[in-house]
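Trainee: One structure, pasted below without further comment.
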Amino acid sequence: MNLYIYNTLTNKKERFVPHNHDEVNMYVCGPTVYSEPHIGNARAALVGDLFFRILSELFGNVTYIRNLTDVDDKIIIESDKLGVDINTLTEDITRVYQANMLKLNMLKPTHEPKVTENIDNIIDTIQKILDNKSAYIAENHVVFDMESFSQYGALSNKKSEDLIDGARIKPESYKRNPKDFVLWKPSSHKSCGWDSPWGYGRPGWHIECTSMIKNIIGNDATLDIHGGGNDLIFPHHENEIAQGSCCSSSHYCNFWFHNGIVLVDKKKMSKSLGNVILVSDILEKENPIIVRIALMSAHYRQPLNWTQDTINNSRNIYEKIISSLDTVSSTTTERDSKFIDLLCDDLNTPNALQYIVKQARDAKKDSSVMPKLRYNCGLIGIKSDEGIIDESLTHKIESLISLREAARKNKDYVEADRLRDVLSDMSVTLNDGPEGVSWKIKH
RNA sequence: GGCUAAGUGGCAGAGUGGUAAUGCAGCGGCCUGCAAAGCCGUCAACGCCGGUUCGAUUCCGACCUUAGCCUCCA
């Protein structure tokens with residue numbers, strides 16, 4: 001069983017081979033913790049989660065790293081705006097992010113490094129780049145020297161001459177070349193700065209990822225897979241490759257995957273358009289597994305247009321699957337290689353969902369299919385998530401149902417329908433089956 | 001302007017060198033006191049123009065359109 005991944009580096013779907021037989025390491029760019037996670041953050045994390053799951057299925061030892069960027073200009077601006085301490089802000093947002101991802105049934109990454117806990121490592125990495133003569137010091141900044149890395153642009157297919165100097169990139173007095181980027185910069189902020197060989201300051205945007213990766217997998221190890229949103233390809237990942245190649249003797253990373261962004265009204269979700277959808281807001285009204293299915297309903301490299309239809313569609317899929325899963329209480333599972341093959345084709349989740357929906361229907365007629373269905377749902381993180389219904393509420397619902405049953409028995413259908421309306425207002429759906437009445441809470 | 005991806009029925013979204021899944025919606029039926037659900041059946045689509053081919057929606061090329069990146073962004 002081979003896993004194929006579309007590699008941004010080559011613009012081709014390629015067979016994935018780990019650097020070291022059955023050992024895999026993967027890094028996915030996590031959020032900058034300055035505002036509550038939105039559905040786009042969740043999508044990136046979900047793609048990472050799915051790769052983690054399928055890699056764990058296929059290979060023995062998978063290290064999954066997802067960082068938390070807690071040092072950044074945006075954080076400082078936001079904390080000033082809100083009048084809260086930087087640490088309070090980043091810790092609050094981190095907590096919300098982790099709780100949200102957990103609700104969406106994502107597995108905990110092997111490592112979740114934070115910038116603030118890796119300053120020494122970052123300083124080390126920058127020193128290595130300086131030692132390698134790939135960076136220079138100017139006006140208290142450490143700046144990466146683009147001249148030192150000839151392969152720049154390989155990931156995003158940008159030619160150096162296309163990056164019209166100064167046209168988009170702000171030329172700074174301390175830069176020799178407008179395309180150079182900052183590894184370390186001075187800080188005037190009391191609670192956001194650290195002492196370094198180059199003075200009190202803080203790291204630039206790109207260096208943290210490279211440094212934290214190297215710290216975990218080893219400075220001269222190659223990363224197997226690196227992923228993130230496709231808006232990070234340039235300049236962030238391009239810059240990472242430059243740094244990572246100039247602080248170590250090894251190739252930086254073999255496979256790059258990039259997920260498409262989430263669109264709202266066919267436009268990129270952005271603060272300026274005011275169309276940001278927060279995960280917390282969605283989870284207030286939607287079952288998290290339905291949201292998870294919605295995020296899987298499009299192929300990860302395609303843009304995903306987030307609409308009420310997306311949710312409705314996913315709710316339907318969820319209910320079809322769960323209604324089948326709930327029919328048997330056994331928990332046996334059976335590996336389904338046909339299903340795994342679908343996921344191995346560059347994570348084809350729309351096809352995988354289709355397969356599961358069909359399987360759920362089959363399982364209702366043929367219980368021998370059930371162990372495979374159960375296994376497949378577990379693999380991609382679909383589970384029954386009814387939540388715990390309050391005992392007294394259950395009692396109330398069931399007594400209303402028996403009143404209705406009595407009315408039906410007396411052919412008092414006016415009263416029976418009235419009671420059904422009462423229950424419906426409580427979000428309870430009734431199903432009069434041949435073996436009695438069943439009910440469930442509407443999602 | 002450069003780079004990347006994509007254009008499939010009313011909507012969402014797979015897939016294929018020999019006319020195309022699935023879900024929602026629609027229509028007909030079974031079931032039901034009614035309904036919901038479920039089940040069965042059914043209607044309906046491959047941006048445009050060339051090329052290769054016995055044959056293309058699928059491969060190649062041009063064009064048009066859309067989204068994203070080129071500035072912080074998952």
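In the structure tokens, the first chain shown is A, the next is B, and so on; residue numbers restart at 1 for each chain, and ligands run from 1 in the order shown.
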Can you check which residues of chain B have any atom within 9 Å of chain A? Use only C-alpha atoms (C1' of nucleotides) and format it as a list in words.

Mentor: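 Selected residues: G2, C3, U4, A5, A6, C11, A12, G13, A14, A21, U22, G23, C24, U32, G33, C34, A36, A37, A67, G68, C69, C70, U71, C72, C73 and A74 of chain B.
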
Trainee: Can you pull out the residues contacting A:Asn25? Cut-off 9 Å, using only C-alpha atoms (C1' of nucleotides), and skip same-chain residues under 6 positions away; I want them as a list of chain:residue names.

Mentor: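 Result of the neighbour search: A:Pro18, A:His19, A:Asn61, A:Val62, A:Thr63, A:Tyr64, A:Ile65, A:Ile217, A:Thr222, A:Leu223, A:Asp224, A:Ile225, A:His226.
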
Trainee: Only C-alpha atoms, please: the residues just picked out, written as a PDB file, in the first residue's frame.

Mentor:
```pdb
ATOM      1  CA  PRO A  18      10.206   8.279   4.333  1.00  0.00           C
ATOM      2  CA  HIS A  19      13.846   9.233   4.767  1.00  0.00           C
ATOM      3  CA  ASN A  61       6.880   5.666  14.117  1.00  0.00           C
ATOM      4  CA  VAL A  62       5.407   9.022  13.165  1.00  0.00           C
ATOM      5  CA  THR A  63       6.456  12.311  14.727  1.00  0.00           C
ATOM      6  CA  TYR A  64       3.916  15.034  14.104  1.00  0.00           C
ATOM      7  CA  ILE A  65       4.906  18.589  14.987  1.00  0.00           C
ATOM      8  CA  ILE A 217      14.436  16.131  14.527  1.00  0.00           C
ATOM      9  CA  THR A 222      15.770  15.934   6.747  1.00  0.00           C
ATOM     10  CA  LEU A 223      12.114  16.577   7.324  1.00  0.00           C
ATOM     11  CA  ASP A 224       9.870  14.114   5.486  1.00  0.00           C
ATOM     12  CA  ILE A 225       6.785  16.261   5.157  1.00  0.00           C
ATOM     13  CA  HIS A 226       6.051  19.910   5.708  1.00  0.00           C
TER      14      HIS A 226
END
```

Trainee: What does the distance from atom CA of A:Ile382 to atom CA of A:Ile289 come to in Å, to one decimal?

Mentor: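 A separation of 6.3 Å between them.
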
Trainee: In Å, with one decimal, what is the gap from atom C1' of B:G1 to atom CA of A:Gln243?

Mentor: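 The value is 29.1 Å.
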
Trainee: For the strand (DSSP E) assignment from backbone DSSP, which residues of stretch 208-418 of chain A qualify? Please present them as number ranges by chain.

Mentor: A: 223-229, 253-259, 262-264, 267-268, 304-305

Trainee: Could you write out the selected residues, including N, CA, C and O atoms, as a short mmCIF file (atom, residue, chain, number, x, y, z; two decimals), in the first residue's frame?

Mentor:
```cif
data_model
loop_
_atom_site.label_atom_id
_atom_site.label_comp_id
_atom_site.auth_asym_id
_atom_site.auth_seq_id
_atom_site.Cartn_x
_atom_site.Cartn_y
_atom_site.Cartn_z
N LEU A 223 13.54 16.72 7.03
CA LEU A 223 12.11 16.58 7.32
C LEU A 223 11.45 15.79 6.18
O LEU A 223 11.74 16.03 5.02
N ASP A 224 10.56 14.86 6.54
CA ASP A 224 9.87 14.11 5.49
C ASP A 224 8.78 14.96 4.84
O ASP A 224 8.69 15.02 3.62
N ILE A 225 7.95 15.54 5.68
CA ILE A 225 6.79 16.26 5.16
C ILE A 225 6.63 17.58 5.89
O ILE A 225 6.75 17.64 7.12
N HIS A 226 6.36 18.61 5.12
CA HIS A 226 6.05 19.91 5.71
C HIS A 226 4.78 20.42 5.05
O HIS A 226 4.65 20.36 3.84
N GLY A 227 3.86 20.91 5.85
CA GLY A 227 2.60 21.36 5.27
C GLY A 227 2.11 22.66 5.85
O GLY A 227 2.68 23.18 6.82
N GLY A 228 1.04 23.15 5.25
CA GLY A 228 0.42 24.38 5.73
C GLY A 228 -0.53 24.91 4.66
O GLY A 228 -0.70 24.30 3.61
N GLY A 229 -1.13 26.02 4.93
CA GLY A 229 -2.04 26.64 3.97
C GLY A 229 -1.28 27.12 2.75
O GLY A 229 -0.10 27.46 2.86
N CYS A 253 13.62 19.57 3.34
CA CYS A 253 12.40 18.78 3.44
C CYS A 253 12.09 18.14 2.10
O CYS A 253 12.25 18.77 1.05
N ASN A 254 11.60 16.90 2.12
CA ASN A 254 11.36 16.19 0.86
C ASN A 254 9.98 16.43 0.26
O ASN A 254 9.83 16.55 -0.94
N PHE A 255 8.96 16.44 1.11
CA PHE A 255 7.59 16.59 0.60
C PHE A 255 6.91 17.82 1.21
O PHE A 255 6.95 18.01 2.43
N TRP A 256 6.33 18.61 0.36
CA TRP A 256 5.56 19.78 0.82
C TRP A 256 4.11 19.62 0.38
O TRP A 256 3.84 19.43 -0.80
N PHE A 257 3.19 19.69 1.35
CA PHE A 257 1.78 19.72 0.93
C PHE A 257 1.18 21.06 1.36
O PHE A 257 1.61 21.67 2.35
N HIS A 258 0.22 21.52 0.58
CA HIS A 258 -0.44 22.79 0.89
C HIS A 258 -1.93 22.67 0.68
O HIS A 258 -2.38 22.23 -0.37
N ASN A 259 -2.67 23.05 1.71
CA ASN A 259 -4.12 22.96 1.58
C ASN A 259 -4.69 24.25 1.00
O ASN A 259 -4.13 25.33 1.19
N VAL A 262 -10.15 28.44 2.76
CA VAL A 262 -11.60 28.43 2.91
C VAL A 262 -12.14 29.75 2.38
O VAL A 262 -11.63 30.82 2.71
N LEU A 263 -13.16 29.63 1.53
CA LEU A 263 -13.78 30.82 0.97
C LEU A 263 -15.15 31.03 1.62
O LEU A 263 -15.85 30.07 1.95
N VAL A 264 -15.51 32.28 1.77
CA VAL A 264 -16.85 32.64 2.21
C VAL A 264 -17.39 33.56 1.13
O VAL A 264 -16.72 34.53 0.77
N LYS A 267 -15.02 34.25 -1.62
CA LYS A 267 -13.88 35.13 -1.37
C LYS A 267 -13.12 34.59 -0.17
O LYS A 267 -13.72 34.03 0.75
N LYS A 268 -11.82 34.82 -0.18
CA LYS A 268 -11.00 34.40 0.93
C LYS A 268 -11.48 35.05 2.23
O LYS A 268 -11.74 36.24 2.26
N LEU A 304 -12.32 25.62 -0.45
CA LEU A 304 -13.57 25.12 0.13
C LEU A 304 -14.48 26.31 0.39
O LEU A 304 -14.16 27.20 1.19
N ASN A 305 -15.61 26.34 -0.32
CA ASN A 305 -16.55 27.43 -0.13
C ASN A 305 -17.46 27.07 1.04
O ASN A 305 -18.16 26.07 1.00
#
```

Trainee: DSSP on the backbone, alpha helix (DSSP H) only: what residues of stretch 218-310 of chain A does that give? Format it as a list of chain:residue names.

Mentor: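 Residues meeting the alpha helix (DSSP H) criterion: A:Glu238, A:Asn239, A:Glu240, A:Ile241, A:Ala242, A:Gln243, A:Gly244, A:Ser245, A:Cys246, A:Val279, A:Ser280, A:Asp281, A:Ile282, A:Leu283, A:Glu284, A:Lys285, A:Pro288, A:Ile289, A:Ile290, A:Val291, A:Arg292, A:Ile293, A:Ala294, A:Leu295, A:Met296, A:Gln308, A:Asp309, A:Thr310.
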
Trainee: With N, CA, C and O atoms retained, write the just-selected residues as an mmCIF file, in the first residue's frame.

Mentor:
```cif
data_model
loop_
_atom_site.group_PDB
_atom_site.id
_atom_site.type_symbol
_atom_site.label_atom_id
_atom_site.label_comp_id
_atom_site.auth_asym_id
_atom_site.auth_seq_id
_atom_site.Cartn_x
_atom_site.Cartn_y
_atom_site.Cartn_z
ATOM 1 N N GLU A 238 9.205 29.365 1.406
ATOM 2 C CA GLU A 238 10.382 29.604 0.573
ATOM 3 C C GLU A 238 11.541 30.075 1.458
ATOM 4 O O GLU A 238 12.689 29.619 1.301
ATOM 5 N N ASN A 239 11.234 30.951 2.382
ATOM 6 C CA ASN A 239 12.267 31.454 3.285
ATOM 7 C C ASN A 239 12.753 30.369 4.240
ATOM 8 O O ASN A 239 13.937 30.314 4.581
ATOM 9 N N GLU A 240 11.830 29.527 4.652
ATOM 10 C CA GLU A 240 12.232 28.408 5.512
ATOM 11 C C GLU A 240 13.259 27.517 4.814
ATOM 12 O O GLU A 240 14.232 27.077 5.424
ATOM 13 N N ILE A 241 13.003 27.239 3.551
ATOM 14 C CA ILE A 241 13.930 26.389 2.802
ATOM 15 C C ILE A 241 15.302 27.049 2.742
ATOM 16 O O ILE A 241 16.330 26.401 2.946
ATOM 17 N N ALA A 242 15.302 28.351 2.509
ATOM 18 C CA ALA A 242 16.567 29.082 2.422
ATOM 19 C C ALA A 242 17.339 28.984 3.735
ATOM 20 O O ALA A 242 18.517 28.602 3.764
ATOM 21 N N GLN A 243 16.645 29.258 4.838
ATOM 22 C CA GLN A 243 17.305 29.192 6.147
ATOM 23 C C GLN A 243 17.749 27.787 6.476
ATOM 24 O O GLN A 243 18.875 27.558 6.947
ATOM 25 N N GLY A 244 16.811 26.866 6.269
ATOM 26 C CA GLY A 244 17.068 25.486 6.672
ATOM 27 C C GLY A 244 18.206 24.862 5.885
ATOM 28 O O GLY A 244 18.902 23.966 6.378
ATOM 29 N N SER A 245 18.385 25.344 4.654
ATOM 30 C CA SER A 245 19.458 24.807 3.828
ATOM 31 C C SER A 245 20.789 25.437 4.201
ATOM 32 O O SER A 245 21.842 24.893 3.882
ATOM 33 N N CYS A 246 20.738 26.601 4.853
ATOM 34 C CA CYS A 246 21.974 27.322 5.161
ATOM 35 C C CYS A 246 22.395 27.189 6.627
ATOM 36 O O CYS A 246 23.325 27.849 7.061
ATOM 37 N N VAL A 279 -14.232 29.151 14.729
ATOM 38 C CA VAL A 279 -14.571 27.769 15.058
ATOM 39 C C VAL A 279 -15.515 27.734 16.259
ATOM 40 O O VAL A 279 -16.514 27.004 16.265
ATOM 41 N N SER A 280 -15.227 28.544 17.260
ATOM 42 C CA SER A 280 -16.071 28.551 18.467
ATOM 43 C C SER A 280 -17.521 28.874 18.130
ATOM 44 O O SER A 280 -18.437 28.278 18.696
ATOM 45 N N ASP A 281 -17.713 29.829 17.216
ATOM 46 C CA ASP A 281 -19.075 30.209 16.853
ATOM 47 C C ASP A 281 -19.815 29.073 16.160
ATOM 48 O O ASP A 281 -20.993 28.826 16.422
ATOM 49 N N ILE A 282 -19.107 28.378 15.280
ATOM 50 C CA ILE A 282 -19.760 27.261 14.592
ATOM 51 C C ILE A 282 -20.096 26.158 15.572
ATOM 52 O O ILE A 282 -21.189 25.580 15.542
ATOM 53 N N LEU A 283 -19.153 25.876 16.457
ATOM 54 C CA LEU A 283 -19.359 24.762 17.376
ATOM 55 C C LEU A 283 -20.470 25.044 18.387
ATOM 56 O O LEU A 283 -20.979 24.125 19.014
ATOM 57 N N GLU A 284 -20.860 26.300 18.503
ATOM 58 C CA GLU A 284 -21.979 26.598 19.393
ATOM 59 C C GLU A 284 -23.274 26.025 18.856
ATOM 60 O O GLU A 284 -24.161 25.670 19.607
ATOM 61 N N LYS A 285 -23.373 25.973 17.508
ATOM 62 C CA LYS A 285 -24.632 25.464 16.967
ATOM 63 C C LYS A 285 -24.498 24.170 16.201
ATOM 64 O O LYS A 285 -25.484 23.543 15.883
ATOM 65 N N PRO A 288 -19.550 19.020 16.281
ATOM 66 C CA PRO A 288 -18.175 19.143 15.754
ATOM 67 C C PRO A 288 -17.830 18.096 14.693
ATOM 68 O O PRO A 288 -17.039 18.395 13.791
ATOM 69 N N ILE A 289 -18.445 16.931 14.775
ATOM 70 C CA ILE A 289 -18.114 15.915 13.773
ATOM 71 C C ILE A 289 -18.722 16.301 12.420
ATOM 72 O O ILE A 289 -18.158 16.002 11.369
ATOM 73 N N ILE A 290 -19.854 16.990 12.463
ATOM 74 C CA ILE A 290 -20.442 17.481 11.211
ATOM 75 C C ILE A 290 -19.518 18.532 10.595
ATOM 76 O O ILE A 290 -19.299 18.556 9.382
ATOM 77 N N VAL A 291 -18.953 19.372 11.427
ATOM 78 C CA VAL A 291 -18.002 20.370 10.942
ATOM 79 C C VAL A 291 -16.769 19.667 10.364
ATOM 80 O O VAL A 291 -16.245 20.050 9.310
ATOM 81 N N ARG A 292 -16.350 18.629 11.038
ATOM 82 C CA ARG A 292 -15.199 17.861 10.549
ATOM 83 C C ARG A 292 -15.496 17.269 9.168
ATOM 84 O O ARG A 292 -14.679 17.336 8.258
ATOM 85 N N ILE A 293 -16.687 16.716 9.019
ATOM 86 C CA ILE A 293 -17.077 16.153 7.730
ATOM 87 C C ILE A 293 -17.115 17.250 6.663
ATOM 88 O O ILE A 293 -16.659 17.061 5.536
ATOM 89 N N ALA A 294 -17.644 18.411 7.043
ATOM 90 C CA ALA A 294 -17.705 19.526 6.087
ATOM 91 C C ALA A 294 -16.301 19.883 5.597
ATOM 92 O O ALA A 294 -16.090 20.137 4.412
ATOM 93 N N LEU A 295 -15.351 19.862 6.512
ATOM 94 C CA LEU A 295 -13.976 20.193 6.125
ATOM 95 C C LEU A 295 -13.353 19.100 5.257
ATOM 96 O O LEU A 295 -12.405 19.347 4.522
ATOM 97 N N MET A 296 -13.891 17.896 5.364
ATOM 98 C CA MET A 296 -13.375 16.796 4.543
ATOM 99 C C MET A 296 -14.132 16.661 3.233
ATOM 100 O O MET A 296 -13.751 15.865 2.377
ATOM 101 N N GLN A 308 -24.029 27.466 4.160
ATOM 102 C CA GLN A 308 -24.974 26.670 4.946
ATOM 103 C C GLN A 308 -25.212 25.320 4.263
ATOM 104 O O GLN A 308 -25.404 24.307 4.920
ATOM 105 N N ASP A 309 -25.156 25.310 2.928
ATOM 106 C CA ASP A 309 -25.322 24.052 2.204
ATOM 107 C C ASP A 309 -24.213 23.063 2.536
ATOM 108 O O ASP A 309 -24.441 21.858 2.595
ATOM 109 N N THR A 310 -23.002 23.598 2.705
ATOM 110 C CA THR A 310 -21.883 22.737 3.061
ATOM 111 C C THR A 310 -22.202 21.999 4.362
ATOM 112 O O THR A 310 -21.988 20.788 4.481
#
```

Trainee: Which residue gives the smallest distance to A:Val24 among A:Ile213, A:Leu55, A:Leu9, A:Ile441, with only C-alpha atoms counted?

Mentor: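 The shortest atom-to-atom distance to A:Val24 comes from A:Leu55.
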
Trainee: So the first atom is atom CA of A:Arg202 and the second is atom CA of A:Ser187; what is the distance between them in Å, to one decimal place?

Mentor: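 Value for the atom CA of A:Arg202-atom CA of A:Ser187 distance: 6.1 Å.
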
Trainee: Can you pull out the residues contacting stretch 51-65 of chain B? Cut-off 8 Å, using only C-alpha atoms (C1' of nucleotides), and skip same-chain residues under 6 positions away; I want them as JSON, numbers by chain.

Mentor: {"B": [7, 8, 16, 17, 18]}

Trainee: Could the residues in this selection be written to a file with N, CA and C atoms (P, O5', C5', C4', C3', O3' and C1' of nucleotides), as a PDB file, in the first residue's frame?

Mentor:
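Here's the written file out.pdb:
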```pdb
ATOM      1  P     G B   7     -12.357  21.257 -12.342  1.00  0.00           P
ATOM      2  O5'   G B   7     -13.528  22.260 -11.949  1.00  0.00           O
ATOM      3  C5'   G B   7     -14.800  22.208 -12.565  1.00  0.00           C
ATOM      4  C4'   G B   7     -15.115  23.550 -13.174  1.00  0.00           C
ATOM      5  C3'   G B   7     -15.880  23.490 -14.493  1.00  0.00           C
ATOM      6  O3'   G B   7     -17.243  23.783 -14.324  1.00  0.00           O
ATOM      7  C1'   G B   7     -14.096  25.085 -14.543  1.00  0.00           C
ATOM      8  P     U B   8     -18.119  23.273 -13.064  1.00  0.00           P
ATOM      9  O5'   U B   8     -18.605  21.894 -13.667  1.00  0.00           O
ATOM     10  C5'   U B   8     -19.059  21.838 -15.026  1.00  0.00           C
ATOM     11  C4'   U B   8     -19.513  20.439 -15.302  1.00  0.00           C
ATOM     12  C3'   U B   8     -20.624  19.937 -14.389  1.00  0.00           C
ATOM     13  O3'   U B   8     -21.893  20.348 -14.875  1.00  0.00           O
ATOM     14  C1'   U B   8     -18.914  18.317 -14.505  1.00  0.00           C
ATOM     15  P     U B  16      -9.753   8.714 -12.487  1.00  0.00           P
ATOM     16  O5'   U B  16     -10.285   8.149 -13.866  1.00  0.00           O
ATOM     17  C5'   U B  16     -10.709   6.793 -13.970  1.00  0.00           C
ATOM     18  C4'   U B  16     -11.485   6.619 -15.250  1.00  0.00           C
ATOM     19  C3'   U B  16     -10.774   7.145 -16.494  1.00  0.00           C
ATOM     20  O3'   U B  16      -9.870   6.191 -17.008  1.00  0.00           O
ATOM     21  C1'   U B  16     -12.986   7.940 -16.471  1.00  0.00           C
ATOM     22  P     G B  17      -8.680   6.722 -17.843  1.00  0.00           P
ATOM     23  O5'   G B  17      -9.421   7.343 -19.105  1.00  0.00           O
ATOM     24  C5'   G B  17      -8.843   7.364 -20.363  1.00  0.00           C
ATOM     25  C4'   G B  17      -9.924   7.225 -21.399  1.00  0.00           C
ATOM     26  C3'   G B  17     -10.184   5.781 -21.794  1.00  0.00           C
ATOM     27  O3'   G B  17     -11.543   5.555 -22.118  1.00  0.00           O
ATOM     28  C1'   G B  17      -9.510   7.026 -23.652  1.00  0.00           C
ATOM     29  P     G B  18     -12.611   5.044 -21.228  1.00  0.00           P
ATOM     30  O5'   G B  18     -13.758   4.904 -22.295  1.00  0.00           O
ATOM     31  C5'   G B  18     -14.652   5.993 -22.485  1.00  0.00           C
ATOM     32  C4'   G B  18     -15.654   5.608 -23.562  1.00  0.00           C
ATOM     33  C3'   G B  18     -16.559   4.452 -23.152  1.00  0.00           C
ATOM     34  O3'   G B  18     -17.828   5.028 -22.938  1.00  0.00           O
ATOM     35  C1'   G B  18     -15.431   3.991 -25.226  1.00  0.00           C
TER      36        G B  18
END
```
